[in-house]
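*Asks:* Pasting a structure below so you can have a look.
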Amino acid sequence: MFDNQLIEEARKFLRAAQTQKLTLATAESCTGGLLAGLITEIPGSSQTLERGFVVYTNRAKQDMLGVSGDILADFGAVSEPTAIAMAEGAMEHSRASLTVAITGIAGPGGQTPMKPVGLVHIAAKRRDRETLHEACHFGDIGRSNVRRKSMEVALELLMRLAQ
């Protein structure tokens with residue numbers, strides 16, 4: 001299901017998180033739970049993965065993570081403020097010490113002139129630290145590739161926070 005390179009990146013993150021005794025909650029929109037699924041491919045991941053939120057709709061982002069309707073109305077679901085609110089909401093609605101949020105346009109449709117296919121916002125947070133954010137412009141490389149690259153960037157941000 002997941003290629004060896006992606007599994008190895010997830011394994012590295014899990015080792016770093018387990019060394020620091022960190023736990024993780026994911027908040028996923030365009031990846032639909034794939035990151036949590038990737039992490040659970042690795043034996044022993046239950047020491048780290050605390051929970052995952054799949055929040056594909058705006059209503060789910062509001063109900064499950066407490067994302068403000070004003071943020072969604074003002075900036076849209078695919079935006080830096082929404083990704084940050086998702087990461088912070090996952091922190092508030094879990095016992096995790098690390099969170100990561102992914103929201104984007106995987107395609108092939110759903111784009112606007114200001115938000116093209118392949119635009120993904122990823123935010124990661126460690127309790128009591130600033131939230132990291134990355135805006136990714138992957139381009140129209142296909143739905144699966146956008147989702148895969150989103151997981152790669154999410155793991156990179158998590159590694160920065162786990163060290």
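By convention in this document, the chains of the structure tokens carry letters A, B, ... by their order, each chain's residues are numbered from 1, and ligands are numbered from 1 in the order they are shown.
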For region 38-46 of chain A, please output as a list in words all residues within 7 Å (counting only C-alpha atoms; exclusion window: fewer than 6 positions along the same chain).

*Replies:*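 Final neighbour list, sorted by chain and number: Phe2, Ile7, Ala10, Arg11 and Leu14 of chain A.
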
*Asks:* Select from chain A everything DSSP, run on the backbone, classes as strand (DSSP E or B), then give the selection as a VMD selection string.

*Replies:* chain A and resid 24 to 28 49 to 54 98 to 104 119 to 126 132 to 137

*Asks:* Using N, CA and C atoms, can you export the residues from the last selection as a tab-separated table (two decimals), in the first residue's frame?

*Replies:*
```tsv
chain	number	residue	atom	x	y	z
A	24	LEU	N	1.19	11.53	19.15
A	24	LEU	CA	0.76	12.24	17.95
A	24	LEU	C	-0.74	12.12	17.73
A	25	ALA	N	-1.34	13.24	17.30
A	25	ALA	CA	-2.70	13.25	16.76
A	25	ALA	C	-2.62	13.86	15.38
A	26	THR	N	-3.27	13.24	14.41
A	26	THR	CA	-3.31	13.77	13.06
A	26	THR	C	-4.68	14.39	12.80
A	27	ALA	N	-4.69	15.44	11.97
A	27	ALA	CA	-5.93	16.08	11.53
A	27	ALA	C	-5.83	16.17	10.01
A	28	GLU	N	-6.54	15.32	9.32
A	28	GLU	CA	-6.36	15.19	7.88
A	28	GLU	C	-7.63	15.51	7.11
A	49	LEU	N	1.03	7.02	18.13
A	49	LEU	CA	-0.21	7.55	17.56
A	49	LEU	C	-1.32	7.49	18.59
A	50	GLU	N	-1.78	8.66	19.02
A	50	GLU	CA	-2.82	8.76	20.04
A	50	GLU	C	-4.20	8.72	19.39
A	51	ARG	N	-4.36	9.46	18.29
A	51	ARG	CA	-5.63	9.45	17.55
A	51	ARG	C	-5.47	10.19	16.24
A	52	GLY	N	-6.46	9.98	15.37
A	52	GLY	CA	-6.49	10.68	14.09
A	52	GLY	C	-7.88	11.23	13.83
A	53	PHE	N	-7.91	12.43	13.30
A	53	PHE	CA	-9.16	13.08	12.91
A	53	PHE	C	-9.19	13.15	11.39
A	54	VAL	N	-10.23	12.63	10.77
A	54	VAL	CA	-10.45	12.83	9.34
A	54	VAL	C	-11.56	13.86	9.25
A	98	LEU	N	2.18	16.13	20.09
A	98	LEU	CA	2.45	16.61	18.73
A	98	LEU	C	1.17	16.48	17.91
A	99	THR	N	0.95	17.44	17.03
A	99	THR	CA	-0.16	17.31	16.08
A	99	THR	C	0.32	17.74	14.70
A	100	VAL	N	-0.36	17.23	13.70
A	100	VAL	CA	-0.10	17.65	12.32
A	100	VAL	C	-1.45	17.75	11.62
A	101	ALA	N	-1.58	18.77	10.78
A	101	ALA	CA	-2.82	18.99	10.02
A	101	ALA	C	-2.49	19.16	8.55
A	102	ILE	N	-3.31	18.55	7.70
A	102	ILE	CA	-3.11	18.61	6.26
A	102	ILE	C	-4.44	19.00	5.61
A	103	THR	N	-4.43	20.07	4.82
A	103	THR	CA	-5.62	20.49	4.09
A	103	THR	C	-5.19	21.01	2.73
A	104	GLY	N	-5.84	20.53	1.68
A	104	GLY	CA	-5.41	20.94	0.35
A	104	GLY	C	-6.36	20.53	-0.74
A	119	LEU	N	-2.25	22.64	-4.34
A	119	LEU	CA	-1.98	23.53	-3.20
A	119	LEU	C	-2.36	22.80	-1.92
A	120	VAL	N	-1.42	22.68	-1.01
A	120	VAL	CA	-1.66	22.00	0.26
A	120	VAL	C	-1.02	22.81	1.37
A	121	HIS	N	-1.77	23.01	2.44
A	121	HIS	CA	-1.24	23.67	3.63
A	121	HIS	C	-1.09	22.62	4.73
A	122	ILE	N	0.09	22.59	5.33
A	122	ILE	CA	0.39	21.62	6.38
A	122	ILE	C	0.90	22.39	7.59
A	123	ALA	N	0.33	22.08	8.74
A	123	ALA	CA	0.76	22.71	9.99
A	123	ALA	C	1.08	21.61	11.00
A	124	ALA	N	2.09	21.84	11.80
A	124	ALA	CA	2.47	20.89	12.84
A	124	ALA	C	2.75	21.66	14.12
A	125	LYS	N	2.39	21.05	15.23
A	125	LYS	CA	2.53	21.72	16.52
A	125	LYS	C	3.06	20.74	17.56
A	126	ARG	N	3.93	21.27	18.39
A	126	ARG	CA	4.36	20.56	19.59
A	126	ARG	C	3.88	21.38	20.77
A	132	LEU	N	4.37	25.21	13.35
A	132	LEU	CA	5.07	25.29	12.07
A	132	LEU	C	4.04	25.21	10.95
A	133	HIS	N	4.32	25.86	9.84
A	133	HIS	CA	3.42	25.82	8.69
A	133	HIS	C	4.24	25.75	7.41
A	134	GLU	N	3.72	25.00	6.46
A	134	GLU	CA	4.34	24.92	5.14
A	134	GLU	C	3.23	24.98	4.09
A	135	ALA	N	3.37	25.91	3.16
A	135	ALA	CA	2.47	25.98	2.00
A	135	ALA	C	3.16	25.25	0.86
A	136	CYS	N	2.53	24.23	0.33
A	136	CYS	CA	3.12	23.42	-0.73
A	136	CYS	C	2.38	23.66	-2.03
A	137	HIS	N	3.13	23.83	-3.09
A	137	HIS	CA	2.56	24.01	-4.43
A	137	HIS	C	3.09	22.86	-5.28
```

*Asks:* Counting only C-alpha atoms, figure out which residue out of A:Leu72, A:Ile105, A:Ile84, A:Gln47 gets nearest to Ser29 (chain A).

*Replies:*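 When distances to Ser29 (chain A) are compared using only C-alpha atoms, the smallest one comes from A:Ile105.
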
*Asks:* Pick the closest to Ala90 (chain A) from A:Ala73, A:Gln111, A:Ala106, A:Met64: which is it, counting only C-alpha atoms?

*Replies:* A:Met64

*Asks:* I need the residue nearest Thr31 (chain A) from this list: A:Met1, A:Val117, A:Val78, A:Met151. Use only C-alpha atoms for the distance.

*Replies:*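 Nearest candidate to Thr31 (chain A) out of A:Met1, A:Val117, A:Val78, A:Met151: A:Met151.
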
*Asks:* If we count only C-alpha atoms, what is near Ile141 (chain A) at a cut-off of 12 Å, once residues fewer than 2 positions away on the same chain are taken out, given as a PyMOL selection string?

*Replies:* chain A and resi 105-108+116-119+137-139+143-149

*Asks:* Selected residues, C-alpha atoms, written as a PDB file, in the first residue's frame, please.

*Replies:*
```pdb
ATOM      1  CA  ILE A 105      -6.684  20.412  -3.154  1.00  0.00           C
ATOM      2  CA  ALA A 106      -5.606  17.007  -4.417  1.00  0.00           C
ATOM      3  CA  GLY A 107      -7.591  17.302  -7.654  1.00  0.00           C
ATOM      4  CA  PRO A 108      -8.474  16.702 -10.312  1.00  0.00           C
ATOM      5  CA  PRO A 116      -4.938  25.547  -7.848  1.00  0.00           C
ATOM      6  CA  VAL A 117      -4.812  21.771  -7.779  1.00  0.00           C
ATOM      7  CA  GLY A 118      -1.770  20.737  -5.783  1.00  0.00           C
ATOM      8  CA  LEU A 119      -1.977  23.533  -3.202  1.00  0.00           C
ATOM      9  CA  HIS A 137       2.564  24.010  -4.431  1.00  0.00           C
ATOM     10  CA  PHE A 138       2.862  20.515  -5.870  1.00  0.00           C
ATOM     11  CA  GLY A 139       1.080  21.318  -9.122  1.00  0.00           C
ATOM     12  CA  ARG A 143      -4.362  13.054  -6.849  1.00  0.00           C
ATOM     13  CA  SER A 144      -2.291  10.169  -5.455  1.00  0.00           C
ATOM     14  CA  ASN A 145       0.971  12.053  -5.869  1.00  0.00           C
ATOM     15  CA  VAL A 146      -0.373  15.186  -4.167  1.00  0.00           C
ATOM     16  CA  ARG A 147      -1.502  13.080  -1.220  1.00  0.00           C
ATOM     17  CA  ARG A 148       1.812  11.206  -1.072  1.00  0.00           C
ATOM     18  CA  LYS A 149       3.889  14.394  -1.185  1.00  0.00           C
TER      19      LYS A 149
END
```
